[in-house]
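*Asks:* This is upload.txt, which holds compact mmCIF, C-alpha atoms and all ligand atoms:
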```txt
# COMPACT_ATOMS: atom_id res chain seq x y z
CA MET T 29 33.57 -3.06 168.31
CA SER T 30 32.55 -1.70 171.70
CA GLN T 31 35.22 -0.38 174.05
CA ILE T 32 34.74 -3.30 176.42
CA MET T 33 35.09 -5.80 173.58
CA GLN T 34 38.24 -4.04 172.40
CA ARG T 35 39.72 -4.20 175.88
CA LEU T 36 38.92 -7.89 176.20
CA ALA T 37 40.46 -8.60 172.80
CA THR T 38 43.62 -6.68 173.77
CA ARG T 39 43.80 -8.53 177.06
CA ARG T 40 43.57 -11.89 175.26
CA ARG T 41 46.35 -10.92 172.85
CA VAL T 42 48.57 -9.80 175.73
CA ALA T 43 47.89 -12.94 177.75
CA GLY T 44 48.73 -15.06 174.71
CA GLY T 45 52.00 -13.20 174.21
CA LEU T 46 53.04 -13.54 177.84
CA THR T 47 52.27 -17.23 177.88
CA ALA T 48 54.35 -17.79 174.76
CA VAL T 49 57.33 -15.94 176.24
CA ALA T 50 57.10 -17.74 179.57
CA THR T 51 56.72 -21.13 177.90
CA THR T 52 59.70 -20.54 175.63
CA ALA T 53 61.87 -19.37 178.53
CA LEU T 54 60.87 -22.36 180.63
CA ALA T 55 61.45 -24.79 177.77
CA GLN T 56 64.90 -23.33 177.19
CA GLY T 57 65.70 -23.59 180.89
CA ARG T 58 66.83 -19.99 180.95
CA PRO T 59 67.64 -18.43 184.35
CA LEU T 60 64.83 -16.74 186.20
CA VAL T 61 66.20 -13.24 185.73
CA ASP T 62 66.10 -13.73 181.95
CA ARG T 63 62.56 -15.00 182.15
CA VAL T 64 61.49 -12.02 184.23
CA ALA T 65 63.34 -9.70 181.85
CA ALA T 66 61.49 -11.26 178.92
CA TYR T 67 58.23 -10.73 180.76
CA ASP T 68 59.17 -7.10 181.45
CA ARG T 69 60.06 -6.49 177.81
CA VAL T 70 56.73 -7.83 176.64
CA THR T 71 54.88 -5.77 179.24
CA VAL T 72 56.80 -2.62 178.34
CA SER T 73 56.51 -3.08 174.59
CA ARG T 74 52.78 -3.68 174.73
CA PHE T 75 51.79 -1.02 177.21
CA GLN T 76 54.23 1.82 176.60
CA SER T 77 54.41 3.69 173.36
CA THR T 78 57.37 5.83 174.47
CA PRO T 79 60.82 4.46 175.36
CA VAL T 80 61.66 3.92 179.02
CA ASP T 81 63.62 6.84 180.48
CA THR T 82 67.35 6.36 180.79
CA VAL T 83 68.20 5.42 184.36
CA PRO T 84 71.14 7.30 185.91
CA ALA T 85 73.84 4.91 187.16
CA GLY T 86 74.18 6.73 190.48
CA PRO T 87 74.75 8.09 193.00
CA PHE T 88 72.85 5.21 194.66
CA THR T 89 73.80 1.64 193.81
CA LEU T 90 72.61 -1.83 194.69
CA ASP T 91 75.18 -3.87 196.59
CA PRO T 92 75.29 -7.58 195.87
CA LEU T 93 73.74 -9.80 198.51
CA PRO T 94 76.34 -10.95 201.06
CA TYR T 95 75.15 -14.57 200.47
CA ASP T 96 73.67 -16.70 197.68
CA TYR T 97 70.05 -16.35 196.68
CA ALA T 98 69.45 -19.90 197.95
CA ALA T 99 71.26 -19.36 201.26
CA LEU T 100 68.13 -18.68 203.32
CA GLU T 101 66.21 -21.74 202.16
CA PRO T 102 63.96 -23.34 203.24
CA HIS T 103 62.71 -20.24 205.06
CA ILE T 104 63.00 -17.89 202.07
CA ASP T 105 63.27 -19.51 198.65
CA ALA T 106 65.91 -18.61 196.06
CA MET T 107 63.44 -17.37 193.45
CA THR T 108 61.88 -14.93 195.93
CA MET T 109 65.32 -13.65 196.93
CA GLU T 110 66.42 -13.25 193.30
CA ILE T 111 63.35 -11.24 192.29
CA HIS T 112 63.21 -9.31 195.56
CA HIS T 113 66.84 -8.20 195.42
CA GLY T 114 67.50 -8.09 191.67
CA LYS T 115 64.19 -6.60 190.57
CA HIS T 116 62.35 -4.90 193.45
CA HIS T 117 65.34 -3.43 195.28
CA GLN T 118 66.99 -2.52 191.96
CA ALA T 119 63.82 -0.63 191.00
CA TYR T 120 63.92 1.40 194.24
CA VAL T 121 67.56 2.30 193.54
CA ASP T 122 66.83 3.23 189.91
CA ASN T 123 63.82 5.34 190.83
CA LEU T 124 65.71 7.07 193.66
CA ASN T 125 68.47 7.97 191.18
CA LYS T 126 65.86 9.33 188.79
CA ALA T 127 64.25 11.35 191.60
CA VAL T 128 67.51 13.09 192.57
CA ALA T 129 68.79 13.49 188.98
CA GLU T 130 67.95 17.21 188.85
CA TYR T 131 69.14 17.95 192.40
CA PRO T 132 72.94 17.82 192.92
CA GLU T 133 72.53 18.68 196.62
CA LEU T 134 70.36 15.58 197.17
CA GLN T 135 72.90 13.43 195.31
CA GLU T 136 75.46 14.32 197.98
CA MET T 137 73.29 12.94 200.79
CA ALA T 138 73.19 9.43 202.21
CA ALA T 139 69.86 7.67 201.62
CA GLU T 140 69.26 7.55 205.41
CA ASP T 141 69.69 11.32 205.64
CA LEU T 142 67.31 11.88 202.74
CA ILE T 143 64.50 9.93 204.42
CA ARG T 144 65.19 11.53 207.82
CA ASN T 145 64.83 14.99 206.26
CA LEU T 146 61.96 14.66 203.81
CA ASP T 147 60.75 18.18 204.62
CA ALA T 148 64.00 19.48 203.10
CA VAL T 149 63.46 17.51 199.87
CA PRO T 150 61.89 19.57 197.05
CA GLU T 151 58.18 18.93 196.86
CA ASP T 152 58.15 17.68 193.28
CA VAL T 153 60.35 14.68 194.17
CA ARG T 154 59.44 14.28 197.85
CA THR T 155 57.05 11.36 197.37
CA ALA T 156 59.48 9.61 195.02
CA VAL T 157 62.31 10.03 197.54
CA ARG T 158 60.05 8.87 200.38
CA ASN T 159 59.00 5.70 198.54
CA ASN T 160 62.24 4.81 196.80
CA GLY T 161 64.68 6.16 199.39
CA GLY T 162 62.65 4.26 201.98
CA GLY T 163 62.71 1.17 199.77
CA HIS T 164 66.49 1.40 199.36
CA VAL T 165 67.22 1.96 203.07
CA ASN T 166 64.74 -0.68 204.24
CA HIS T 167 65.97 -3.40 201.92
CA THR T 168 69.66 -2.66 202.52
CA MET T 169 69.00 -3.22 206.23
CA PHE T 170 66.86 -6.30 205.53
CA TRP T 171 69.58 -8.14 203.55
CA GLU T 172 72.21 -7.35 206.19
CA LEU T 173 69.97 -8.52 208.97
CA MET T 174 69.54 -11.99 207.51
CA THR T 175 72.19 -14.67 207.23
CA PRO T 176 72.47 -18.40 206.83
CA GLY T 177 73.05 -19.74 210.33
CA GLY T 178 73.57 -16.50 212.25
CA SER T 179 73.46 -16.30 216.01
CA SER T 180 70.02 -17.55 216.89
CA GLU T 181 69.15 -15.40 219.91
CA PRO T 182 69.77 -11.83 221.05
CA THR T 183 72.54 -11.42 223.62
CA GLY T 184 74.03 -8.71 225.82
CA ALA T 185 72.36 -5.34 226.18
CA LEU T 186 69.67 -6.15 223.61
CA ALA T 187 68.72 -9.36 225.41
CA ASP T 188 68.45 -7.40 228.67
CA ALA T 189 66.28 -4.70 227.06
CA ILE T 190 63.97 -7.30 225.47
CA ALA T 191 63.56 -9.02 228.85
CA ALA T 192 62.79 -5.67 230.52
CA GLU T 193 60.31 -4.43 227.88
CA PHE T 194 58.61 -7.63 226.72
CA GLY T 195 59.30 -10.26 229.40
CA ASP T 196 61.10 -12.62 227.04
CA VAL T 197 62.21 -13.11 223.43
CA ALA T 198 59.10 -15.12 222.53
CA ALA T 199 56.84 -12.26 223.60
CA MET T 200 58.90 -9.77 221.56
CA LYS T 201 58.68 -12.02 218.49
CA GLU T 202 54.93 -12.34 218.94
CA ALA T 203 54.60 -8.55 219.11
CA VAL T 204 56.53 -8.18 215.82
CA GLU T 205 54.41 -10.89 214.17
CA THR T 206 51.21 -9.21 215.35
CA ALA T 207 52.40 -5.88 213.96
CA GLY T 208 53.29 -7.52 210.64
CA LEU T 209 49.94 -9.29 210.42
CA GLY T 210 48.12 -6.11 211.42
CA GLN T 211 49.72 -4.04 208.65
CA PHE T 212 46.91 -3.78 206.10
CA GLY T 213 48.38 -4.16 202.63
CA SER T 214 52.09 -3.62 202.09
CA GLY T 215 54.55 -2.42 204.70
CA TRP T 216 57.02 -3.35 207.39
CA ALA T 217 57.03 -4.42 211.06
CA TRP T 218 59.84 -3.02 213.21
CA LEU T 219 61.66 -3.34 216.51
CA ILE T 220 63.03 0.12 217.26
CA VAL T 221 64.56 2.24 219.98
CA ASP T 222 62.12 5.11 220.32
CA VAL T 223 62.94 8.75 221.12
CA ASP T 224 62.64 8.07 224.87
CA GLY T 225 65.13 5.19 224.65
CA SER T 226 62.56 2.43 225.07
CA LEU T 227 62.45 -0.65 222.87
CA VAL T 228 59.14 -0.80 221.02
CA VAL T 229 57.44 -2.65 218.18
CA THR T 230 55.79 -0.64 215.45
CA LYS T 231 54.65 -0.94 211.85
CA THR T 232 54.65 1.31 208.77
CA PRO T 233 52.81 1.22 205.43
CA ASN T 234 54.48 1.12 202.00
CA GLN T 235 58.25 1.78 202.23
CA ASP T 236 57.94 4.19 205.14
CA ASN T 237 60.55 3.85 207.86
CA PRO T 238 60.20 4.92 211.52
CA MET T 239 63.23 7.17 210.95
CA MET T 240 60.92 9.40 208.89
CA GLU T 241 59.10 10.30 212.12
CA GLY T 242 61.78 11.70 214.40
CA GLU T 243 64.69 10.06 216.11
CA ALA T 244 63.79 6.37 216.05
CA ARG T 245 66.70 3.91 215.64
CA ILE T 246 66.00 0.64 213.84
CA ILE T 247 67.05 -2.62 215.50
CA LEU T 248 65.31 -4.89 213.02
CA GLY T 249 62.56 -4.80 210.43
CA VAL T 250 60.68 -7.40 208.45
CA ASP T 251 59.23 -6.82 204.99
CA VAL T 252 55.55 -7.83 204.82
CA TRP T 253 54.98 -6.86 201.18
CA GLU T 254 53.57 -9.87 199.33
CA HIS T 255 56.65 -9.81 197.05
CA ALA T 256 58.68 -10.88 200.10
CA TYR T 257 56.85 -14.17 200.60
CA TYR T 258 54.06 -14.90 198.15
CA LEU T 259 55.85 -17.47 195.93
CA ASN T 260 56.50 -19.75 198.88
CA TYR T 261 53.82 -18.82 201.40
CA GLN T 262 51.00 -17.42 199.19
CA ASN T 263 48.52 -15.75 201.58
CA ARG T 264 50.11 -17.24 204.73
CA ARG T 265 51.86 -14.11 206.00
CA LYS T 266 51.90 -15.51 209.54
CA ASP T 267 53.84 -18.62 208.47
CA TYR T 268 56.37 -16.41 206.68
CA LEU T 269 56.77 -14.17 209.74
CA VAL T 270 57.31 -17.15 212.04
CA ALA T 271 59.81 -18.75 209.64
CA TRP T 272 61.63 -15.45 209.10
CA TRP T 273 63.09 -15.52 212.62
CA ASN T 274 65.22 -18.49 211.49
CA THR T 275 67.07 -16.13 209.13
CA VAL T 276 67.75 -13.30 211.58
CA ASN T 277 71.39 -12.61 212.39
CA TRP T 278 71.15 -11.49 216.00
CA ASP T 279 74.82 -10.46 215.93
CA ILE T 280 73.77 -7.62 213.62
CA ALA T 281 70.70 -6.75 215.71
CA ASN T 282 72.88 -6.70 218.85
CA GLU T 283 75.32 -4.34 217.12
CA ARG T 284 72.52 -2.07 215.94
CA TYR T 285 71.23 -1.86 219.52
CA GLU T 286 74.67 -0.99 220.90
CA GLN T 287 74.98 1.73 218.24
CA ALA T 288 71.53 3.06 219.13
CA LEU T 289 72.51 3.27 222.81
CA ALA T 290 75.73 5.05 221.89
CA GLY T 291 73.58 7.64 220.09
MN MN3 R 301 60.54 -5.77 199.66
```
What do you get writing this file as structure tokens?
Ligand code: MN3
*Replies:*
Amino acid sequence: MSQIMQRLATRRRVAGGLTAVATTALAQGRPLVDRVAAYDRVTVSRFQSTPVDTVPAGPFTLDPLPYDYAALEPHIDAMTMEIHHGKHHQAYVDNLNKAVAEYPELQEMAAEDLIRNLDAVPEDVRTAVRNNGGGHVNHTMFWELMTPGGSSEPTGALADAIAAEFGDVAAMKEAVETAGLGQFGSGWAWLIVDVDGSLVVTKTPNQDNPMMEGEARIILGVDVWEHAYYLNYQNRRKDYLVAWWNTVNWDIANERYEQALAG
């Protein structure tokens, strides 16, 4: 059999196996996490001949969401939240723990300090710390920034700064949406206080965070990876970005701005 034929045959066997697992899980009405776990097990068992490395339990841990997976519906659906928090964020935490496993001095540091000081991170784990430390910090902020029925508009000093820099809240939101739409591939759009104290919108690829480039302070950030919206919005990133504002807890953003001003 030619190599191509062998690959096609393997692919058909794998597809058949996945379908059987998914169908069984669906028929049994098992929770989503179990179904995803079943999918993972099949994927791992078929593609990896060696066992998965043991994941250290710390020092970094995933906090539970401060609300139910369904709490942000209809803007963000429960299944997206469950996979995003329980699988994607958990993976960043696990991989960050693996990255620092051989470095006790890194284990003592807060995740924010690790990503602010990547030059000090040993080169052999620097990319892993950048990606997974960034992923952990970014998502921790993201969950805290959203809430069912939070305050719907910025107030106080943040409202004043938005008016001064952007004209009004609508113009600021549009700038964030444009940044999110303009991020090719995966990444984040941000509202930050820059080194000079001004309020600016920016974007980063992958799990990079503006804190990696100097003294920026994050006011808010929105995840534009497809895993954040694809189940509900498919390719409509703009619709997701517009709907996302309905989940923002401006009380938290206001607090973050006050803290940024305080230094
Ligand atoms: Mn994400």
*Asks:* Nearest to Phe212 in chain T among T:Asp147, T:Glu110, T:Glu101, T:Glu254, with distances taken over all atoms listed in the file: which residue is it?
*Replies:* T:Glu254
*Asks:* Produce a table with one row for each residue of chain T that has an atom at most 8 Å from any atom of ligand MN3 301 (chain R), each row naming the nearest atom pair and its distance in Å at one decimal; use all atoms listed in the file; arrange rows by chain and rising residue number; format as a tab-separated table.
*Replies:*
```
residue	atom	partner	partner_atom	distance
T:His112	CA	R:MN3_301	MN	6.0
T:His113	CA	R:MN3_301	MN	8.0
T:His116	CA	R:MN3_301	MN	6.5
T:His117	CA	R:MN3_301	MN	6.9
T:Gly163	CA	R:MN3_301	MN	7.3
T:His167	CA	R:MN3_301	MN	6.3
T:Asp251	CA	R:MN3_301	MN	5.6
T:Val252	CA	R:MN3_301	MN	7.5
T:Trp253	CA	R:MN3_301	MN	5.9
T:His255	CA	R:MN3_301	MN	6.2
T:Ala256	CA	R:MN3_301	MN	5.5
```
*Asks:* Can you pull out the residues contacting Val121 in chain T? Cut-off 10 Å, using all atoms listed in the file, and skip same-chain residues under 3 positions away; I want them as a list in words.
*Replies:*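 Residues meeting the cut-off are Val83, Pro84, Ala85, Gly86, Pro87, Phe88, Thr89, Leu90, Lys115, His116, His117, Gln118, Leu124, Asn125, Lys126, Ala127, Ala139, Asn160, Gly161, Gly162, Gly163, His164 and Val165 of chain T.
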*Asks:* Go through T:Val157, T:Val229, T:Asp222, T:Tyr258 and flag the residue nearest Ala207 in chain T, using all atoms listed in the file for the distances.
*Replies:*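 Nearest candidate to Ala207 in chain T out of T:Val157, T:Val229, T:Asp222, T:Tyr258: T:Val229.
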*Asks:* Go ahead and compute the interatomic distance for CA of Leu93 in chain T and CA of Trp171 in chain T, in Å to one decimal.
*Replies:*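 Taking CA of Leu93 in chain T and CA of Trp171 in chain T, their separation equals 6.7 Å.
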*Asks:* Hey, which of T:Val204, T:Ala185, T:Leu209, T:Val153 ends up closest to Ala288 in chain T? Count only C-alpha atoms.
*Replies:*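 Of T:Val204, T:Ala185, T:Leu209, T:Val153, the one nearest Ala288 in chain T, counting only C-alpha atoms, is T:Ala185.
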*Asks:* For each of T:Val250, T:Val221, T:Ala192, T:Ala271, take the minimum atom-to-atom distance to Ile104 in chain T, counting all atoms listed in the file, then give the residue where this is smallest.
*Replies:*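 Closest to Ile104 in chain T, using all atoms listed in the file: T:Ala271.
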*Asks:* From the list T:Met174, T:Arg245, T:Glu181, T:Ala99, which residue is nearest Ala290 in chain T when using only C-alpha atoms?
*Replies:*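 Residue with the minimum atom-to-atom distance to Ala290 in chain T: T:Arg245.
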